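> I'm passing along input24.csv; it holds CSV, C-alpha atoms.
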```csv
chain,number,residue,atom,x,y,z
A,528,MET,CA,5.3,-30.3,-54.5
A,529,ILE,CA,9.2,-30.5,-54.5
A,530,MET,CA,10.8,-29.2,-57.6
A,531,ASN,CA,14.2,-29.9,-58.9
A,532,ASN,CA,16.7,-27.4,-60.3
A,533,TYR,CA,18.3,-29.2,-63.3
A,534,ASP,CA,20.8,-26.5,-64.4
A,535,GLU,CA,23.8,-28.5,-63.1
A,536,LEU,CA,22.6,-31.7,-64.8
A,537,GLU,CA,21.9,-30.0,-68.1
A,538,LYS,CA,25.4,-28.5,-68.0
A,539,GLN,CA,26.9,-32.0,-67.3
A,540,ILE,CA,25.1,-33.7,-70.2
A,541,GLY,CA,25.4,-30.8,-72.6
A,542,TYR,CA,21.7,-30.6,-73.4
A,543,ILE,CA,19.2,-27.9,-72.3
A,544,PHE,CA,15.6,-29.1,-72.1
A,545,LYS,CA,12.9,-27.1,-73.8
A,546,ASP,CA,10.3,-28.8,-71.6
A,547,GLU,CA,11.7,-29.7,-68.1
A,548,SER,CA,8.6,-31.6,-67.3
A,549,HIS,CA,10.2,-34.5,-69.2
A,550,LEU,CA,12.9,-34.5,-66.5
A,551,ASP,CA,10.4,-34.5,-63.7
A,552,ILE,CA,8.8,-37.6,-65.2
A,553,ALA,CA,12.2,-39.2,-65.9
A,554,PHE,CA,13.1,-39.0,-62.2
A,555,THR,CA,9.8,-39.9,-60.7
A,556,HIS,CA,9.9,-43.4,-59.1
A,557,LYS,CA,6.6,-45.3,-59.0
A,558,SER,CA,6.6,-45.1,-55.2
A,559,TYR,CA,6.4,-41.3,-55.4
A,560,ALA,CA,3.8,-41.4,-58.2
A,561,ASN,CA,1.6,-43.7,-56.1
A,562,GLU,CA,1.7,-41.3,-53.2
A,563,LEU,CA,0.4,-38.5,-55.6
A,564,MET,CA,-2.1,-40.7,-57.5
A,565,ILE,CA,-4.9,-38.1,-57.1
A,566,LYS,CA,-2.8,-35.6,-59.0
A,567,GLY,CA,-2.0,-38.1,-61.7
A,568,ARG,CA,1.8,-37.9,-61.4
A,569,GLU,CA,3.4,-40.2,-64.0
A,570,SER,CA,6.4,-42.4,-63.0
A,571,TYR,CA,9.4,-42.9,-65.2
A,572,GLU,CA,8.5,-46.5,-66.3
A,573,ARG,CA,7.1,-45.5,-69.7
A,574,TYR,CA,10.2,-43.3,-70.3
A,575,GLU,CA,12.4,-46.1,-69.3
A,576,PHE,CA,10.7,-48.5,-71.7
A,577,LEU,CA,11.3,-46.0,-74.5
A,578,GLY,CA,14.8,-45.3,-73.5
A,579,ASP,CA,15.7,-49.0,-73.3
A,580,ALA,CA,14.6,-49.5,-76.9
A,581,ILE,CA,16.4,-46.3,-78.1
A,582,LEU,CA,19.6,-47.4,-76.2
A,583,GLU,CA,19.6,-50.8,-77.8
A,584,TYR,CA,19.2,-49.3,-81.3
A,585,LEU,CA,21.8,-46.6,-80.9
A,586,VAL,CA,24.4,-49.0,-79.4
A,587,SER,CA,23.7,-51.7,-82.0
A,588,ARG,CA,24.0,-49.1,-84.8
A,589,TYR,CA,27.3,-47.8,-83.4
A,590,LEU,CA,28.9,-51.2,-82.9
A,591,PHE,CA,27.7,-52.4,-86.4
A,592,ASN,CA,29.3,-49.4,-88.0
A,593,GLU,CA,32.5,-49.3,-85.9
A,594,TYR,CA,33.3,-53.0,-85.6
A,595,LYS,CA,33.0,-54.3,-89.1
A,596,ASP,CA,35.2,-57.2,-88.5
A,597,LYS,CA,33.2,-58.7,-85.6
A,598,ALA,CA,30.6,-61.4,-86.1
A,599,GLU,CA,27.0,-61.2,-84.7
A,600,GLY,CA,27.9,-63.2,-81.5
A,601,GLU,CA,30.8,-60.9,-80.7
A,602,LEU,CA,28.7,-57.8,-81.3
A,603,THR,CA,25.9,-59.1,-79.1
A,604,LYS,CA,28.4,-59.8,-76.2
A,605,LEU,CA,30.0,-56.4,-76.6
A,606,ARG,CA,26.5,-54.7,-76.6
A,607,ALA,CA,25.6,-56.6,-73.4
A,608,SER,CA,28.7,-55.3,-71.6
A,609,LEU,CA,27.7,-51.8,-72.5
A,610,VAL,CA,24.0,-51.8,-71.6
A,611,CYS,CA,24.3,-54.0,-68.4
A,612,GLU,CA,23.1,-52.8,-65.1
A,613,PHE,CA,26.6,-52.3,-63.7
A,614,THR,CA,27.7,-50.0,-66.5
A,615,LEU,CA,24.6,-47.9,-66.6
A,616,SER,CA,24.3,-47.5,-62.9
A,617,LYS,CA,28.0,-46.4,-62.7
A,618,ILE,CA,27.3,-43.7,-65.3
A,619,SER,CA,24.2,-42.6,-63.3
A,620,ARG,CA,26.3,-42.3,-60.2
A,621,GLU,CA,28.9,-40.2,-62.0
A,622,LEU,CA,26.0,-37.9,-63.1
A,623,SER,CA,24.5,-38.0,-59.6
A,624,LEU,CA,21.1,-38.9,-61.0
A,625,GLY,CA,20.0,-40.4,-57.7
A,626,LYS,CA,19.9,-36.9,-56.1
A,627,TYR,CA,17.3,-35.8,-58.6
A,628,GLY,CA,14.9,-38.7,-58.0
A,629,PHE,CA,11.4,-38.3,-56.6
A,630,PHE,CA,10.9,-41.2,-54.1
A,631,SER,CA,8.4,-42.0,-51.4
A,632,LYS,CA,9.8,-41.5,-47.9
A,633,GLY,CA,10.0,-45.3,-47.4
A,634,GLU,CA,11.8,-45.9,-50.7
A,635,ARG,CA,14.4,-43.2,-50.1
A,636,GLN,CA,15.0,-44.4,-46.6
A,637,SER,CA,15.6,-47.9,-47.9
A,638,GLY,CA,18.3,-46.7,-50.3
A,639,GLY,CA,16.3,-46.4,-53.5
A,640,SER,CA,18.3,-43.4,-54.7
A,641,ASN,CA,21.6,-45.5,-54.7
A,642,ARG,CA,20.3,-48.9,-55.8
A,643,ASP,CA,21.9,-50.2,-59.0
A,644,SER,CA,18.6,-51.3,-60.6
A,645,ILE,CA,17.0,-48.0,-60.0
A,646,LEU,CA,20.0,-46.0,-61.2
A,647,CYS,CA,20.1,-48.2,-64.3
A,648,ASP,CA,16.4,-47.4,-64.9
A,649,MET,CA,17.1,-43.7,-64.5
A,650,PHE,CA,19.8,-43.7,-67.1
A,651,GLU,CA,17.3,-45.2,-69.6
A,652,SER,CA,14.4,-42.9,-68.6
A,653,LEU,CA,16.7,-39.9,-68.9
A,654,LEU,CA,17.6,-41.1,-72.4
A,655,GLY,CA,13.9,-41.4,-73.2
A,656,ALA,CA,13.3,-37.8,-71.9
A,657,ILE,CA,16.1,-36.5,-74.1
A,658,TYR,CA,14.7,-38.3,-77.1
A,659,LEU,CA,11.2,-36.9,-76.5
A,660,ASP,CA,12.5,-33.4,-76.0
A,661,GLY,CA,15.2,-33.2,-78.6
A,662,GLY,CA,14.9,-36.1,-81.0
A,663,LEU,CA,17.2,-39.0,-82.0
A,664,ASP,CA,20.3,-36.9,-82.7
A,665,GLU,CA,20.4,-35.5,-79.2
A,666,ALA,CA,19.8,-38.9,-77.7
A,667,ASP,CA,22.7,-40.2,-79.9
A,668,LYS,CA,25.0,-37.5,-78.7
A,669,PHE,CA,24.2,-38.4,-75.0
A,670,VAL,CA,24.9,-42.1,-75.5
A,671,LYS,CA,28.1,-41.4,-77.4
A,672,ALA,CA,29.4,-39.0,-74.7
A,673,PHE,CA,28.6,-41.1,-71.7
A,674,LEU,CA,28.4,-44.7,-72.8
A,675,LEU,CA,30.3,-45.3,-76.0
A,676,THR,CA,33.7,-44.3,-74.6
A,677,ASP,CA,36.5,-46.6,-73.4
A,678,ILE,CA,34.5,-49.5,-74.8
A,679,GLU,CA,37.3,-52.1,-74.5
A,680,HIS,CA,37.7,-51.3,-70.8
A,681,LYS,CA,34.0,-51.6,-70.1
A,682,LYS,CA,34.0,-55.0,-71.9
A,683,LEU,CA,37.1,-56.1,-69.9
A,684,PHE,CA,35.4,-55.3,-66.6
A,685,TYR,CA,32.2,-57.1,-67.7
A,686,ASP,CA,34.2,-60.2,-68.7
A,687,SER,CA,36.5,-60.2,-65.7
A,688,LYS,CA,35.1,-63.1,-63.7
A,689,THR,CA,34.8,-65.2,-66.8
A,690,ARG,CA,38.4,-64.4,-67.9
A,691,LEU,CA,39.7,-65.1,-64.5
A,692,GLN,CA,38.0,-68.5,-64.4
A,693,GLU,CA,39.4,-69.3,-67.9
A,694,TYR,CA,42.9,-68.3,-66.6
A,695,ALA,CA,42.5,-70.6,-63.6
A,696,GLN,CA,41.3,-73.6,-65.7
A,697,LYS,CA,44.2,-73.1,-68.1
A,698,ASN,CA,46.7,-73.1,-65.3
A,699,SER,CA,44.9,-75.8,-63.2
A,700,ILE,CA,44.5,-73.6,-60.1
A,701,SER,CA,41.6,-72.7,-57.9
A,702,ILE,CA,39.7,-69.5,-57.5
A,703,THR,CA,37.9,-68.6,-54.2
A,704,TYR,CA,35.9,-65.5,-53.4
A,705,HIS,CA,35.7,-64.5,-49.7
A,706,PRO,CA,33.4,-61.8,-48.3
A,707,LEU,CA,35.6,-59.5,-46.1
A,708,ARG,CA,33.2,-56.9,-44.6
A,709,GLU,CA,30.2,-54.7,-45.2
A,710,GLU,CA,30.1,-51.0,-44.5
A,711,GLY,CA,27.3,-48.4,-44.4
A,712,PRO,CA,23.7,-48.5,-43.3
A,713,GLU,CA,21.5,-51.4,-44.2
A,714,HIS,CA,19.9,-49.6,-47.1
A,715,ASP,CA,23.1,-48.4,-48.6
A,716,LYS,CA,25.8,-51.0,-48.0
A,717,THR,CA,29.2,-51.3,-49.6
A,718,PHE,CA,30.5,-54.9,-49.9
A,719,PHE,CA,34.2,-55.8,-49.8
A,720,VAL,CA,35.3,-59.1,-51.3
A,721,GLU,CA,38.7,-60.8,-51.6
A,722,VAL,CA,39.5,-63.3,-54.4
A,723,LEU,CA,42.3,-65.9,-54.0
A,724,VAL,CA,43.8,-67.2,-57.2
A,725,GLY,CA,45.9,-70.3,-56.5
A,726,ASP,CA,48.4,-69.6,-53.7
A,727,ARG,CA,50.0,-66.5,-55.0
A,728,ILE,CA,47.4,-63.9,-56.3
A,729,LYS,CA,45.2,-62.0,-53.9
A,730,ALA,CA,43.0,-59.1,-54.8
A,731,GLU,CA,40.2,-57.1,-53.3
A,732,GLY,CA,37.1,-55.4,-54.7
A,733,LYS,CA,34.2,-53.4,-53.5
A,734,GLY,CA,30.7,-52.6,-54.8
A,735,HIS,CA,27.2,-51.8,-53.9
A,736,SER,CA,26.4,-55.5,-54.3
A,737,ARG,CA,28.4,-58.7,-53.7
A,738,LYS,CA,28.3,-59.5,-57.4
A,739,THR,CA,29.8,-56.1,-58.3
A,740,ALA,CA,32.4,-56.5,-55.5
A,741,GLU,CA,33.4,-59.9,-56.9
A,742,GLN,CA,33.6,-58.5,-60.4
A,743,THR,CA,35.9,-55.7,-59.2
A,744,ALA,CA,38.1,-58.2,-57.3
A,745,ALA,CA,38.4,-60.4,-60.4
A,746,PHE,CA,39.3,-57.4,-62.5
A,747,ASN,CA,42.0,-56.4,-60.0
A,748,ALA,CA,43.3,-59.9,-59.9
A,749,LEU,CA,43.7,-59.9,-63.7
A,750,LYS,CA,45.7,-56.7,-63.4
A,751,GLU,CA,48.0,-58.4,-61.0
A,752,ILE,CA,48.3,-61.3,-63.3
A,753,LYS,CA,48.9,-58.8,-66.1
A,754,ASP,CA,46.3,-60.6,-68.2
A,755,ILE,CA,44.7,-57.3,-69.3
```
Rewrite the structure from the file as C-alpha coordinates, please.


Amino acid sequence: MIMNNYDELEKQIGYIFKDESHLDIAFTHKSYANELMIKGRESYERYEFLGDAILEYLVSRYLFNEYKDKAEGELTKLRASLVCEFTLSKISRELSLGKYGFFSKGERQSGGSNRDSILCDMFESLLGAIYLDGGLDEADKFVKAFLLTDIEHKKLFYDSKTRLQEYAQKNSISITYHPLREEGPEHDKTFFVEVLVGDRIKAEGKGHSRKTAEQTAAFNALKEIKDI
(Lines of atoms letter the chains of each structure in order from A and count residues from 1; the text may use other names and numbers.)
(Lines give C-alpha, C1' and ligand atoms only; values in the text may rest on other atoms or scores of the structure.)
Protein backbone atom coordinates (compact mmCIF):
# COMPACT_ATOMS: atom_id res chain seq x y z
CA MET A 1 0.00 0.00 0.00
CA ILE A 2 1.27 3.49 -0.87
CA MET A 3 2.15 5.54 2.20
CA ASN A 4 2.50 9.31 2.43
CA ASN A 5 5.18 11.30 4.18
CA TYR A 6 3.36 14.14 5.91
CA ASP A 7 6.38 15.98 7.37
CA GLU A 8 6.12 18.87 4.91
CA LEU A 9 2.37 19.23 5.43
CA GLU A 10 2.68 19.15 9.22
CA LYS A 11 5.33 21.85 9.02
CA GLN A 12 3.07 23.97 6.81
CA ILE A 13 0.03 23.74 9.05
CA GLY A 14 1.99 23.98 12.29
CA TYR A 15 0.58 20.82 13.81
CA ILE A 16 2.25 17.43 14.36
CA PHE A 17 -0.16 14.50 14.41
CA LYS A 18 0.07 12.02 17.21
CA ASP A 19 -1.70 9.45 15.03
CA GLU A 20 -0.98 9.91 11.32
CA SER A 21 -3.60 7.34 10.39
CA HIS A 22 -6.05 10.23 10.73
CA LEU A 23 -4.27 11.87 7.78
CA ASP A 24 -4.40 8.66 5.73
CA ILE A 25 -8.17 8.61 6.16
CA ALA A 26 -8.52 12.36 5.57
CA PHE A 27 -6.89 12.02 2.15
CA THR A 28 -8.53 8.77 1.00
CA HIS A 29 -11.07 9.38 -1.76
CA LYS A 30 -13.98 6.94 -1.92
CA SER A 31 -12.75 5.65 -5.31
CA TYR A 32 -9.55 4.40 -3.65
CA ALA A 33 -11.41 3.03 -0.63
CA ASN A 34 -13.69 1.05 -2.95
CA GLU A 35 -10.67 -0.51 -4.64
CA LEU A 36 -9.44 -1.73 -1.24
CA MET A 37 -12.83 -2.75 0.11
CA ILE A 38 -11.53 -6.12 1.26
CA LYS A 39 -9.08 -4.42 3.62
CA GLY A 40 -11.75 -2.05 4.91
CA ARG A 41 -10.00 1.21 3.99
CA GLU A 42 -12.20 4.12 5.14
CA SER A 43 -12.71 7.14 2.87
CA TYR A 44 -12.63 10.76 4.02
CA GLU A 45 -16.41 11.24 3.84
CA ARG A 46 -17.05 10.85 7.58
CA TYR A 47 -14.12 13.15 8.40
CA GLU A 48 -15.45 15.67 5.91
CA PHE A 49 -18.88 15.51 7.56
CA LEU A 50 -17.32 16.23 10.93
CA GLY A 51 -14.99 18.92 9.57
CA ASP A 52 -17.85 20.71 7.84
CA ALA A 53 -19.76 21.01 11.13
CA ILE A 54 -16.66 22.14 13.04
CA LEU A 55 -15.81 24.68 10.34
CA GLU A 56 -19.28 26.24 10.44
CA TYR A 57 -19.15 26.48 14.23
CA LEU A 58 -15.65 27.99 14.40
CA VAL A 59 -16.27 30.51 11.64
CA SER A 60 -19.66 31.46 13.11
CA ARG A 61 -18.15 31.92 16.57
CA TYR A 62 -15.31 34.04 15.22
CA LEU A 63 -17.58 36.31 13.15
CA PHE A 64 -20.05 36.65 16.04
CA ASN A 65 -17.27 37.82 18.36
CA GLU A 66 -15.34 39.99 15.91
CA TYR A 67 -18.17 41.69 14.01
CA LYS A 68 -20.44 42.86 16.80
CA ASP A 69 -21.99 45.57 14.62
CA LYS A 70 -23.22 43.19 11.89
CA ALA A 71 -26.75 41.79 11.77
CA GLU A 72 -27.54 38.11 11.26
CA GLY A 73 -28.00 38.49 7.49
CA GLU A 74 -24.61 40.17 7.07
CA LEU A 75 -22.90 37.54 9.20
CA THR A 76 -24.51 34.75 7.18
CA LYS A 77 -23.32 36.29 3.91
CA LEU A 78 -19.82 36.80 5.26
CA ARG A 79 -19.65 33.21 6.51
CA ALA A 80 -20.81 31.94 3.11
CA SER A 81 -17.96 33.79 1.41
CA LEU A 82 -15.44 32.11 3.71
CA VAL A 83 -16.68 28.52 3.57
CA CYS A 84 -17.54 28.44 -0.14
CA GLU A 85 -15.98 25.90 -2.50
CA PHE A 86 -13.78 28.47 -4.22
CA THR A 87 -12.17 29.73 -1.00
CA LEU A 88 -11.57 26.30 0.53
CA SER A 89 -10.24 24.76 -2.68
CA LYS A 90 -7.87 27.71 -3.11
CA ILE A 91 -6.43 27.12 0.37
CA SER A 92 -6.13 23.40 -0.38
CA ARG A 93 -4.12 24.21 -3.52
CA GLU A 94 -1.84 26.49 -1.54
CA LEU A 95 -1.23 23.61 0.88
CA SER A 96 -0.87 21.13 -2.04
CA LEU A 97 -3.43 18.80 -0.44
CA GLY A 98 -4.16 17.15 -3.77
CA LYS A 99 -0.73 15.54 -3.91
CA TYR A 100 -1.46 13.66 -0.67
CA GLY A 101 -4.72 12.22 -1.95
CA PHE A 102 -5.30 8.50 -2.39
CA PHE A 103 -7.33 8.04 -5.58
CA SER A 104 -8.21 5.19 -7.86
CA LYS A 105 -6.23 5.21 -11.09
CA GLY A 106 -9.29 6.37 -13.03
CA GLU A 107 -10.11 9.19 -10.62
CA ARG A 108 -6.56 10.50 -10.65
CA GLN A 109 -6.35 10.35 -14.44
CA SER A 110 -9.62 12.30 -14.69
CA GLY A 111 -8.18 15.14 -12.59
CA GLY A 112 -9.63 14.32 -9.18
CA SER A 113 -6.59 15.63 -7.33
CA ASN A 114 -7.14 19.11 -8.76
CA ARG A 115 -10.94 19.29 -8.80
CA ASP A 116 -12.39 22.17 -6.77
CA SER A 117 -15.11 20.06 -5.14
CA ILE A 118 -12.64 17.38 -4.00
CA LEU A 119 -10.09 19.92 -2.74
CA CYS A 120 -12.88 21.62 -0.79
CA ASP A 121 -13.80 18.24 0.74
CA MET A 122 -10.15 17.63 1.63
CA PHE A 123 -9.89 20.92 3.51
CA GLU A 124 -12.88 19.88 5.63
CA SER A 125 -11.66 16.31 6.12
CA LEU A 126 -8.22 17.60 7.18
CA LEU A 127 -9.93 19.86 9.70
CA GLY A 128 -11.88 16.85 10.98
CA ALA A 129 -8.61 14.92 11.32
CA ILE A 130 -6.97 17.74 13.27
CA TYR A 131 -9.97 17.87 15.62
CA LEU A 132 -9.93 14.12 16.22
CA ASP A 133 -6.18 14.09 16.84
CA GLY A 134 -5.72 17.34 18.76
CA GLY A 135 -9.09 18.70 19.84
CA LEU A 136 -11.05 21.88 19.19
CA ASP A 137 -8.28 24.33 20.11
CA GLU A 138 -5.95 22.91 17.45
CA ALA A 139 -8.76 22.92 14.89
CA ASP A 140 -9.43 26.56 15.76
CA LYS A 141 -5.75 27.47 15.28
CA PHE A 142 -5.79 25.86 11.83
CA VAL A 143 -8.94 27.70 10.73
CA LYS A 144 -7.65 31.04 12.03
CA ALA A 145 -4.28 30.60 10.34
CA PHE A 146 -5.50 29.58 6.91
CA LEU A 147 -9.08 30.80 6.53
CA LEU A 148 -9.78 33.67 8.89
CA THR A 149 -7.22 36.00 7.35
CA ASP A 150 -7.80 38.79 4.83
CA ILE A 151 -11.54 38.31 5.34
CA GLU A 152 -12.65 41.47 3.56
CA HIS A 153 -10.67 40.52 0.47
CA LYS A 154 -12.23 37.04 0.44
CA LYS A 155 -15.69 38.60 0.76
CA LEU A 156 -14.88 41.05 -2.03
CA PHE A 157 -13.94 38.24 -4.40
CA TYR A 158 -17.04 36.22 -3.46
CA ASP A 159 -19.27 39.23 -4.17
CA SER A 160 -17.49 40.43 -7.31
CA LYS A 161 -20.02 39.32 -9.94
CA THR A 162 -22.90 40.70 -7.90
CA ARG A 163 -21.11 43.98 -7.28
CA LEU A 164 -20.21 44.34 -10.95
CA GLN A 165 -23.83 43.70 -11.91
CA GLU A 166 -24.98 46.36 -9.43
CA TYR A 167 -22.44 48.81 -10.88
CA ALA A 168 -23.73 48.13 -14.40
CA GLN A 169 -27.38 48.59 -13.41
CA LYS A 170 -26.58 51.82 -11.55
CA ASN A 171 -24.81 53.20 -14.62
CA SER A 172 -27.23 51.71 -17.19
CA ILE A 173 -24.54 49.78 -19.03
CA SER A 174 -24.28 46.18 -20.15
CA ILE A 175 -22.04 43.33 -18.94
CA THR A 176 -20.99 40.49 -21.22
CA TYR A 177 -18.81 37.51 -20.38
CA HIS A 178 -16.94 35.87 -23.28
CA PRO A 179 -15.00 32.59 -23.08
CA LEU A 180 -11.55 33.15 -24.55
CA ARG A 181 -9.81 29.78 -24.50
CA GLU A 182 -9.14 26.62 -22.55
CA GLU A 183 -5.70 25.26 -21.71
CA GLY A 184 -4.50 21.95 -20.34
CA PRO A 185 -5.67 18.34 -20.65
CA GLU A 186 -9.36 17.46 -20.53
CA HIS A 187 -9.20 16.39 -16.88
CA ASP A 188 -7.30 19.47 -15.70
CA LYS A 189 -8.39 22.46 -17.75
CA THR A 190 -7.81 26.13 -17.06
CA PHE A 191 -10.55 28.40 -18.42
CA PHE A 192 -9.93 31.96 -19.59
CA VAL A 193 -12.82 34.44 -19.71
CA GLU A 194 -13.14 38.09 -20.68
CA VAL A 195 -15.77 40.45 -19.31
CA LEU A 196 -16.85 43.61 -21.15
CA VAL A 197 -18.44 46.34 -19.06
CA GLY A 198 -20.11 48.88 -21.32
CA ASP A 199 -17.73 50.05 -24.03
CA ARG A 200 -14.72 51.04 -21.95
CA ILE A 201 -13.86 48.35 -19.39
CA LYS A 202 -12.36 45.03 -20.39
CA ALA A 203 -10.87 42.51 -17.97
CA GLU A 204 -9.76 38.89 -18.06
CA GLY A 205 -9.92 36.09 -15.53
CA LYS A 206 -8.87 32.47 -15.33
CA GLY A 207 -9.85 29.51 -13.17
CA HIS A 208 -10.35 25.78 -13.03
CA SER A 209 -14.01 26.26 -13.92
CA ARG A 210 -15.84 28.82 -16.07
CA LYS A 211 -17.62 30.09 -12.98
CA THR A 212 -14.34 30.82 -11.20
CA ALA A 213 -12.88 32.40 -14.34
CA GLU A 214 -15.91 34.71 -14.59
CA GLN A 215 -15.62 35.57 -10.90
CA THR A 216 -11.95 36.47 -11.37
CA ALA A 217 -12.73 38.56 -14.46
CA ALA A 218 -15.43 40.46 -12.54
CA PHE A 219 -13.02 41.07 -9.66
CA ASN A 220 -10.38 42.41 -12.07
CA ALA A 221 -12.97 44.62 -13.75
CA LEU A 222 -13.91 46.12 -10.39
CA LYS A 223 -10.25 46.91 -9.79
CA GLU A 224 -10.16 48.72 -13.14
CA ILE A 225 -13.27 50.65 -12.18
CA LYS A 226 -11.64 51.32 -8.80
CA ASP A 227 -14.81 50.18 -7.07
CA ILE A 228 -12.89 48.09 -4.55

> Using only C-alpha atoms, find the one residue out of A:Val722, A:Arg737, A:Gly662, A:Ile581 that sits nearest to Glu751 in chain A.

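Result for the nearest residue to Glu751 in chain A: A:Val722.
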
> Would you write out, as a Markdown table, a table of all residues in range 550-605 of chain A that have an atom no more than 8 Å from an atom of range 626-644 of chain A, listing for each the closest atom pair and the distance in Å to one decimal, considering only C-alpha atoms and ordering rows by chain and rising residue number?


```
| residue | atom | partner | partner_atom | distance |
| --- | --- | --- | --- | --- |
| A:Phe554 | CA | A:Gly628 | CA | 4.6 |
| A:Thr555 | CA | A:Phe629 | CA | 4.7 |
| A:His556 | CA | A:Phe630 | CA | 5.6 |
| A:Lys557 | CA | A:Phe630 | CA | 7.7 |
| A:Ser558 | CA | A:Ser631 | CA | 5.2 |
| A:Tyr559 | CA | A:Ser631 | CA | 4.5 |
| A:Glu562 | CA | A:Ser631 | CA | 7.0 |
```

> Hey, which of A:Val724, A:Tyr594, A:His735, A:Glu709 ends up closest to Arg620 in chain A? Count all atoms listed in the file.

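For Arg620 in chain A, the nearest of the candidates is A:His735.
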
> Would you please work out which residue, of A:Thr676, A:Asn561, A:Ser616, A:Gln539, is nearest to Tyr589 in chain A when using only C-alpha atoms?

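Once distances to Tyr589 in chain A are computed over only C-alpha atoms, the minimum belongs to A:Thr676.
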
> Here is a test: counting all atoms listed in the file, which residue of A:Ala560, A:Ile678, A:Leu723, A:Leu615 is nearest to Leu646 in chain A?

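Checking each candidate against Leu646 in chain A, we get A:Leu615 as the closest.
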
> I need the residue nearest Ile657 in chain A from this list: A:Tyr584, A:Tyr571, A:Phe669, A:Phe684. Use all atoms listed in the file for the distance.

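Ranked by minimum distance to Ile657 in chain A, first place goes to A:Phe669.
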
> Which distance in Å separates CA of Asp667 in chain A and CA of His680 in chain A, to one decimal?

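Distance reported for this atom pair: 20.8 Å.
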
> Could you state the separation of CA of Lys545 in chain A and CA of Leu659 in chain A in Å, given to one decimal place?

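Going from CA of Lys545 in chain A over to CA of Leu659 in chain A, I get 10.3 Å.
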
> Which residue is closest to Phe613 in chain A? Choose from A:Cys647, A:Leu585, A:Lys733, A:Ala672 and count all atoms listed in the file.

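Distance minimum relative to Phe613 in chain A lands on A:Cys647.
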
> What does the distance from CA of Glu593 in chain A to CA of Glu575 in chain A come to in Å, to one decimal?

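Answer for the CA of Glu593 in chain A to CA of Glu575 in chain A separation: 26.3 Å.
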
> For range 686-693 of chain A, work out the shell of residues within 6 Å, counting all atoms listed in the file and skipping chain neighbours fewer than 6 positions away, then give it as a PDB file with C-alpha atoms, in the frame of the given file.


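The result, written out as out_0.pdb:
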```
ATOM      1  CA  GLN A 742      33.600 -58.500 -60.400  1.00  0.00           C
ATOM      2  CA  ALA A 745      38.400 -60.400 -60.400  1.00  0.00           C
ATOM      3  CA  PHE A 746      39.300 -57.400 -62.500  1.00  0.00           C
TER       4      PHE A 746
END
```

> Do a neighbour search on Ser587 in chain A at 10 Å with only C-alpha atoms, toss out local chain neighbours closer than 3 positions, and write the hits as a PDB file with C-alpha atoms, in the frame of the given file.


```
ATOM      1  CA  ILE A 581      16.400 -46.300 -78.100  1.00  0.00           C
ATOM      2  CA  LEU A 582      19.600 -47.400 -76.200  1.00  0.00           C
ATOM      3  CA  GLU A 583      19.600 -50.800 -77.800  1.00  0.00           C
ATOM      4  CA  TYR A 584      19.200 -49.300 -81.300  1.00  0.00           C
ATOM      5  CA  LEU A 590      28.900 -51.200 -82.900  1.00  0.00           C
ATOM      6  CA  PHE A 591      27.700 -52.400 -86.400  1.00  0.00           C
ATOM      7  CA  ASN A 592      29.300 -49.400 -88.000  1.00  0.00           C
ATOM      8  CA  GLU A 593      32.500 -49.300 -85.900  1.00  0.00           C
ATOM      9  CA  LEU A 602      28.700 -57.800 -81.300  1.00  0.00           C
ATOM     10  CA  THR A 603      25.900 -59.100 -79.100  1.00  0.00           C
ATOM     11  CA  LEU A 605      30.000 -56.400 -76.600  1.00  0.00           C
ATOM     12  CA  ARG A 606      26.500 -54.700 -76.600  1.00  0.00           C
TER      13      ARG A 606
END
```
